>>> print(open('my_file_14.cif').read())   # mmCIF, C-alpha atoms
data_structure
loop_
_atom_site.label_atom_id
_atom_site.label_comp_id
_atom_site.auth_asym_id
_atom_site.auth_seq_id
_atom_site.Cartn_x
_atom_site.Cartn_y
_atom_site.Cartn_z
CA MET A 296 -35.29 40.17 -55.66
CA THR A 297 -39.01 40.10 -56.27
CA ALA A 298 -40.84 42.71 -58.29
CA GLY A 299 -40.79 46.05 -56.56
CA GLU A 300 -38.14 45.22 -53.94
CA THR A 301 -35.45 47.50 -55.40
CA LEU A 302 -37.98 50.31 -55.70
CA LEU A 303 -39.13 49.73 -52.12
CA GLU A 304 -35.53 49.84 -50.89
CA ALA A 305 -35.07 53.19 -52.63
CA LEU A 306 -38.34 54.65 -51.34
CA ASN A 307 -37.59 53.48 -47.79
CA SER A 308 -34.17 55.13 -47.65
CA THR A 309 -35.55 58.05 -45.61
CA PRO A 310 -36.87 56.43 -42.42
CA VAL A 311 -37.64 58.05 -39.07
CA ARG A 312 -35.20 57.03 -36.34
CA ASP A 313 -35.50 58.22 -32.77
CA GLY A 314 -38.24 60.60 -33.87
CA ALA A 315 -36.22 62.34 -36.60
CA PRO A 316 -36.15 61.74 -40.38
CA VAL A 317 -32.88 60.24 -41.61
CA ASP A 318 -31.61 60.10 -45.20
CA LEU A 319 -29.66 56.87 -45.64
CA TRP A 320 -28.59 58.04 -49.08
CA LEU A 321 -27.07 61.30 -47.83
CA ASP A 322 -23.78 59.49 -47.25
CA GLY A 323 -22.07 59.16 -50.64
CA PRO A 324 -20.23 55.90 -49.91
CA GLU A 325 -23.42 54.22 -48.60
CA LEU A 326 -25.37 55.17 -51.72
CA SER A 327 -22.43 54.13 -53.92
CA ARG A 328 -22.49 50.67 -52.30
CA TRP A 329 -26.26 50.47 -52.89
CA ALA A 330 -25.80 51.46 -56.55
CA ILE A 331 -23.03 48.92 -57.11
CA ARG A 332 -25.13 46.16 -55.48
CA HIS A 333 -27.84 46.96 -58.04
CA GLY A 334 -25.57 47.01 -61.08
CA GLY A 335 -24.54 50.66 -61.08
CA GLU A 336 -21.14 52.29 -60.85
CA GLY A 337 -21.59 54.44 -57.72
CA THR A 338 -20.36 57.67 -59.32
CA ALA A 339 -21.27 61.11 -57.98
CA ALA A 340 -23.51 61.80 -61.00
CA GLU A 341 -25.31 58.47 -60.55
CA ARG A 342 -25.87 59.19 -56.84
CA GLU A 343 -27.38 62.58 -57.66
CA TRP A 344 -29.78 61.06 -60.20
CA LEU A 345 -30.77 58.37 -57.69
CA ARG A 346 -31.51 60.90 -54.92
CA THR A 347 -33.55 63.11 -57.25
CA THR A 348 -35.49 60.14 -58.61
CA ARG A 349 -36.14 58.74 -55.13
CA ASP A 350 -37.45 62.10 -53.88
CA THR A 351 -39.71 62.50 -56.91
CA LEU A 352 -41.05 58.94 -56.64
CA GLN A 353 -41.77 59.44 -52.93
CA ALA A 354 -43.80 62.55 -53.72
CA VAL A 355 -45.74 60.71 -56.46
CA VAL A 356 -46.52 57.69 -54.28
CA ARG A 357 -47.62 59.95 -51.40
CA GLY A 358 -49.89 61.83 -53.80
CA GLU A 359 -48.04 65.12 -53.36
CA SER A 360 -47.16 65.17 -57.08
CA GLY A 361 -48.71 63.66 -60.16
CA PRO A 362 -46.95 61.09 -62.36
CA ASP A 363 -46.07 63.89 -64.79
CA ALA A 364 -43.37 64.92 -62.26
CA LEU A 365 -41.44 61.84 -63.45
CA LEU A 366 -41.26 62.94 -67.09
CA PRO A 367 -38.13 65.12 -66.73
CA LEU A 368 -36.31 62.08 -65.30
CA LEU A 369 -37.10 60.13 -68.48
CA SER A 370 -36.06 62.76 -70.98
CA GLY A 371 -34.07 61.20 -73.83
CA VAL A 372 -34.58 57.62 -72.62
CA ARG A 373 -35.21 54.94 -75.24
CA LYS A 374 -36.32 51.34 -74.93
CA VAL A 375 -35.04 49.21 -77.79
CA PRO A 376 -35.78 45.58 -78.63
CA ARG A 377 -33.07 42.93 -78.50
CA VAL A 378 -33.26 39.25 -79.27
CA VAL A 379 -31.72 37.15 -76.50
CA GLY A 380 -31.78 33.44 -77.31
CA ALA A 381 -35.33 32.73 -78.43
CA ARG A 382 -36.82 35.72 -76.61
CA LEU A 383 -37.40 39.35 -77.34
CA GLU A 384 -36.31 41.70 -74.54
CA TRP A 385 -36.48 45.44 -74.18
CA ALA A 386 -33.33 47.26 -73.14
CA VAL A 387 -33.10 50.80 -71.82
CA GLU A 388 -30.72 53.10 -73.67
CA VAL A 389 -29.60 55.96 -71.47
CA GLU A 390 -26.37 57.40 -70.07
CA ALA A 391 -24.74 55.09 -67.50
CA GLU A 392 -25.21 57.56 -64.64
CA ARG A 393 -28.98 57.68 -65.24
CA ARG A 394 -29.65 53.98 -65.86
CA LEU A 395 -30.47 52.94 -62.26
CA ALA A 396 -32.65 56.00 -61.72
CA VAL A 397 -34.58 55.29 -64.93
CA GLU A 398 -34.98 51.64 -63.92
CA LEU A 399 -36.58 52.77 -60.63
CA VAL A 400 -39.12 54.84 -62.55
CA LEU A 401 -39.81 51.94 -64.93
CA GLU A 402 -40.24 49.59 -61.96
CA TRP A 403 -42.78 52.04 -60.49
CA ALA A 404 -44.59 52.11 -63.85
CA ARG A 405 -44.69 48.28 -64.04
CA LEU A 406 -46.19 48.14 -60.54
CA GLN A 407 -48.84 50.68 -61.52
CA THR A 408 -49.87 48.32 -64.32
CA SER A 409 -49.40 44.91 -62.69
CA SER A 410 -50.38 45.79 -59.10
CA PRO A 411 -52.31 49.06 -59.10
CA SER A 412 -52.74 50.74 -55.69
CA ARG A 413 -50.52 48.19 -53.92
CA LEU A 414 -47.57 50.53 -53.49
CA ARG A 415 -48.42 53.14 -50.89
CA PRO A 416 -47.11 55.06 -47.88
CA CYS A 417 -47.49 53.61 -44.39
CA ALA A 418 -50.77 54.69 -42.74
CA ASN A 419 -48.85 55.87 -39.67
CA SER A 420 -48.53 59.63 -40.18
CA GLU A 421 -45.32 59.63 -38.11
CA CYS A 422 -43.68 57.06 -40.41
CA ARG A 423 -41.97 57.87 -43.71
CA LEU A 424 -41.78 54.31 -45.06
CA PHE A 425 -43.69 52.71 -47.90
CA LEU A 426 -45.19 49.27 -48.34
CA LEU A 427 -45.94 46.99 -51.24
CA ASP A 428 -49.15 45.19 -50.29
CA ARG A 429 -48.94 41.58 -51.37
CA SER A 430 -52.03 40.47 -49.44
CA ARG A 431 -54.90 38.95 -51.35
CA ALA A 432 -57.40 41.51 -50.05
CA ASN A 433 -55.10 44.49 -50.65
CA THR A 434 -55.81 45.80 -47.16
CA ALA A 435 -52.33 46.21 -45.63
CA ARG A 436 -51.98 49.63 -44.06
CA TRP A 437 -48.62 49.66 -42.31
CA CYS A 438 -45.02 49.19 -43.34
CA SER A 439 -44.70 46.73 -40.45
CA MET A 440 -47.34 45.27 -38.19
CA LYS A 441 -44.68 44.88 -35.46
CA THR A 442 -43.91 48.58 -35.31
CA CYS A 443 -46.42 50.93 -36.90
CA GLY A 444 -49.41 48.57 -36.83
CA ASN A 445 -49.11 47.63 -33.17
CA ARG A 446 -48.24 51.18 -32.15
CA LEU A 447 -51.32 52.66 -33.84
CA LYS A 448 -53.65 49.89 -32.67
CA ALA A 449 -52.43 50.35 -29.08
CA ARG A 450 -52.90 54.12 -29.33
CA ARG A 451 -56.47 53.73 -30.62
CA HIS A 452 -57.25 51.16 -27.93
CA HIS A 453 -55.96 53.51 -25.23
CA GLU A 454 -58.05 56.36 -26.62
CA ARG A 455 -61.19 54.18 -26.63
CA ARG A 456 -60.56 53.06 -23.04
CA ARG A 457 -60.00 56.59 -21.73
CA PRO A 458 -63.25 57.89 -20.22
CA ALA A 459 -64.75 60.55 -22.41
CA PRO A 460 -66.34 63.60 -20.82
CA THR A 461 -70.07 63.08 -20.53
CA VAL A 462 -72.89 65.56 -20.83
CA ALA A 463 -73.90 64.84 -17.21
CA SER A 464 -70.42 65.59 -15.84
CA ASP A 465 -70.22 68.79 -17.90
CA ALA A 466 -73.61 69.88 -16.56
CA ALA A 467 -72.54 69.14 -12.99
CA GLU A 468 -69.49 71.35 -13.39
CA ASN A 469 -71.61 74.21 -14.71
CA ARG A 470 -74.25 74.11 -11.90
CA SER A 471 -74.01 76.78 -9.32
CA VAL A 472 -72.55 75.75 -6.05
CA ARG A 473 -75.11 75.64 -3.25
CA ARG A 474 -74.37 77.78 -0.33
CA PRO A 475 -75.58 76.51 3.02
CA GLY A 476 -78.60 78.30 4.30
CA VAL A 477 -79.62 79.76 0.91
CA ASN A 478 -82.65 78.52 -1.04
CA PRO A 479 -81.41 77.62 -4.59
CA ARG A 480 -84.82 78.48 -6.07
CA GLY A 481 -84.57 82.00 -4.84
CA GLY A 482 -86.33 83.57 -1.96
CA GLY A 483 -85.27 83.67 1.60
CA PRO A 484 -83.10 81.46 3.72
CA VAL A 485 -83.79 77.76 4.03
CA ALA A 486 -85.28 76.81 7.33
#
>>> encode(input="my_file_14.cif", output="structure tokens")
Amino acid sequence: MTAGETLLEALNSTPVRDGAPVDLWLDGPELSRWAIRHGGEGTAAEREWLRTTRDTLQAVVRGESGPDALLPLLSGVRKVPRVVGARLEWAVEVEAERRLAVELVLEWARLQTSSPSRLRPCANSECRLFLLDRSRANTARWCSMKTCGNRLKARRHHERRRPAPTVASDAAENRSVRRPGVNPRGGGPVA
């Protein structure tokens, strides 16, 4: 997986389907399978840490919380150096049930350093997904151009094409209705 993909999978585990938010991690066995695929054990404690971390990270990326909201998730975590072959690597020391959750937070932190402002929520207010903008210009706005991008562009196009009320039509509606045989400027009957 490329940098950020595991984090993006976690953040995008609460999509909107058929107009309603869905939590793909609500089902214990589904989240356990996800954890095992990513090197975890799938225990109940690990699932709880993953849900809490995902919810906190979503709030931080959306701007609803500051990064300091992540600090309680990192309490007691240590990174220690290890020599592997001819390289120095940093390993996370934490309880097994917290390891995957801590790795998600560390992945978020790496992205903030290596790719600042590239991880963000979809610009579609009805969508709950996130995107990792890999474009050169850093201008991606939607989780998917096929779904959210096309939907919003079509909506804006429709709104632009819809005739807007004009000042002239508003004025016409507000004019008094002429009655036959009555002079609109006042006075007597029209001849």
>>> closest_atom_pairs(input="my_file_14.cif", of="region 379-451 of chain A", to="region 329-335 of chain A", cutoff="8 Å", atoms="all atoms listed in the file", output="Markdown table")
| residue | atom | partner | partner_atom | distance |
| --- | --- | --- | --- | --- |
| A:Ala391 | CA | A:Gly335 | CA | 7.8 |
| A:Glu392 | CA | A:Gly335 | CA | 7.8 |
| A:Arg394 | CA | A:Gly335 | CA | 7.7 |
| A:Leu395 | CA | A:Gly335 | CA | 6.5 |
>>> closest_residue(input="my_file_14.cif", among="A:Arg342, A:Asp428, A:Glu359, A:Glu398", to="Arg328 (chain A)", atoms="all atoms listed in the file")
A:Arg342
>>> resolve_selection(input="my_file_14.cif", expression="the PyMOL selection byres ((chain A and resi 311-323) around 10)", output="ChimeraX atom specification")
/A:305,307-310,324-329,337-339,342-343,345-346,349,421-424
>>> residues_near_point(input="my_file_14.cif", point="(-54.1, 46.0, -49.4)", cutoff="12 Å", atoms="all atoms listed in the file", output="PDB file with C-alpha atoms, in the frame of the given file")
ATOM      1  CA  SER A 410     -50.380  45.790 -59.100  1.00  0.00           C
ATOM      2  CA  PRO A 411     -52.310  49.060 -59.100  1.00  0.00           C
ATOM      3  CA  SER A 412     -52.740  50.740 -55.690  1.00  0.00           C
ATOM      4  CA  ARG A 413     -50.520  48.190 -53.920  1.00  0.00           C
ATOM      5  CA  LEU A 414     -47.570  50.530 -53.490  1.00  0.00           C
ATOM      6  CA  ARG A 415     -48.420  53.140 -50.890  1.00  0.00           C
ATOM      7  CA  PRO A 416     -47.110  55.060 -47.880  1.00  0.00           C
ATOM      8  CA  CYS A 417     -47.490  53.610 -44.390  1.00  0.00           C
ATOM      9  CA  ALA A 418     -50.770  54.690 -42.740  1.00  0.00           C
ATOM     10  CA  LEU A 426     -45.190  49.270 -48.340  1.00  0.00           C
ATOM     11  CA  LEU A 427     -45.940  46.990 -51.240  1.00  0.00           C
ATOM     12  CA  ASP A 428     -49.150  45.190 -50.290  1.00  0.00           C
ATOM     13  CA  ARG A 429     -48.940  41.580 -51.370  1.00  0.00           C
ATOM     14  CA  SER A 430     -52.030  40.470 -49.440  1.00  0.00           C
ATOM     15  CA  ARG A 431     -54.900  38.950 -51.350  1.00  0.00           C
ATOM     16  CA  ALA A 432     -57.400  41.510 -50.050  1.00  0.00           C
ATOM     17  CA  ASN A 433     -55.100  44.490 -50.650  1.00  0.00           C
ATOM     18  CA  THR A 434     -55.810  45.800 -47.160  1.00  0.00           C
ATOM     19  CA  ALA A 435     -52.330  46.210 -45.630  1.00  0.00           C
ATOM     20  CA  ARG A 436     -51.980  49.630 -44.060  1.00  0.00           C
ATOM     21  CA  TRP A 437     -48.620  49.660 -42.310  1.00  0.00           C
ATOM     22  CA  CYS A 438     -45.020  49.190 -43.340  1.00  0.00           C
TER      23      CYS A 438
END
>>> atom_distance(input="my_file_14.cif", atom1="CA of Val356 (chain A)", atom2="CA of Val387 (chain A)")
23.1 Å
>>> atom_distance(input="my_file_14.cif", atom1="CA of Trp403 (chain A)", atom2="CA of Thr348 (chain A)")
11.1 Å
>>> closest_residue(input="my_file_14.cif", among="A:Thr408, A:Arg456, A:Glu388, A:Glu402", to="Glu300 (chain A)", atoms="only C-alpha atoms")
A:Glu402
>>> atom_distance(input="my_file_14.cif", atom1="CA of Leu365 (chain A)", atom2="CA of Trp344 (chain A)")
12.1 Å
>>> residues_near_point(input="my_file_14.cif", point="(-35.5, 63.2, -67.1)", cutoff="10 Å", atoms="all atoms listed in the file", output="ChimeraX atom specification")
/A:344,348,364-372,393,396-397
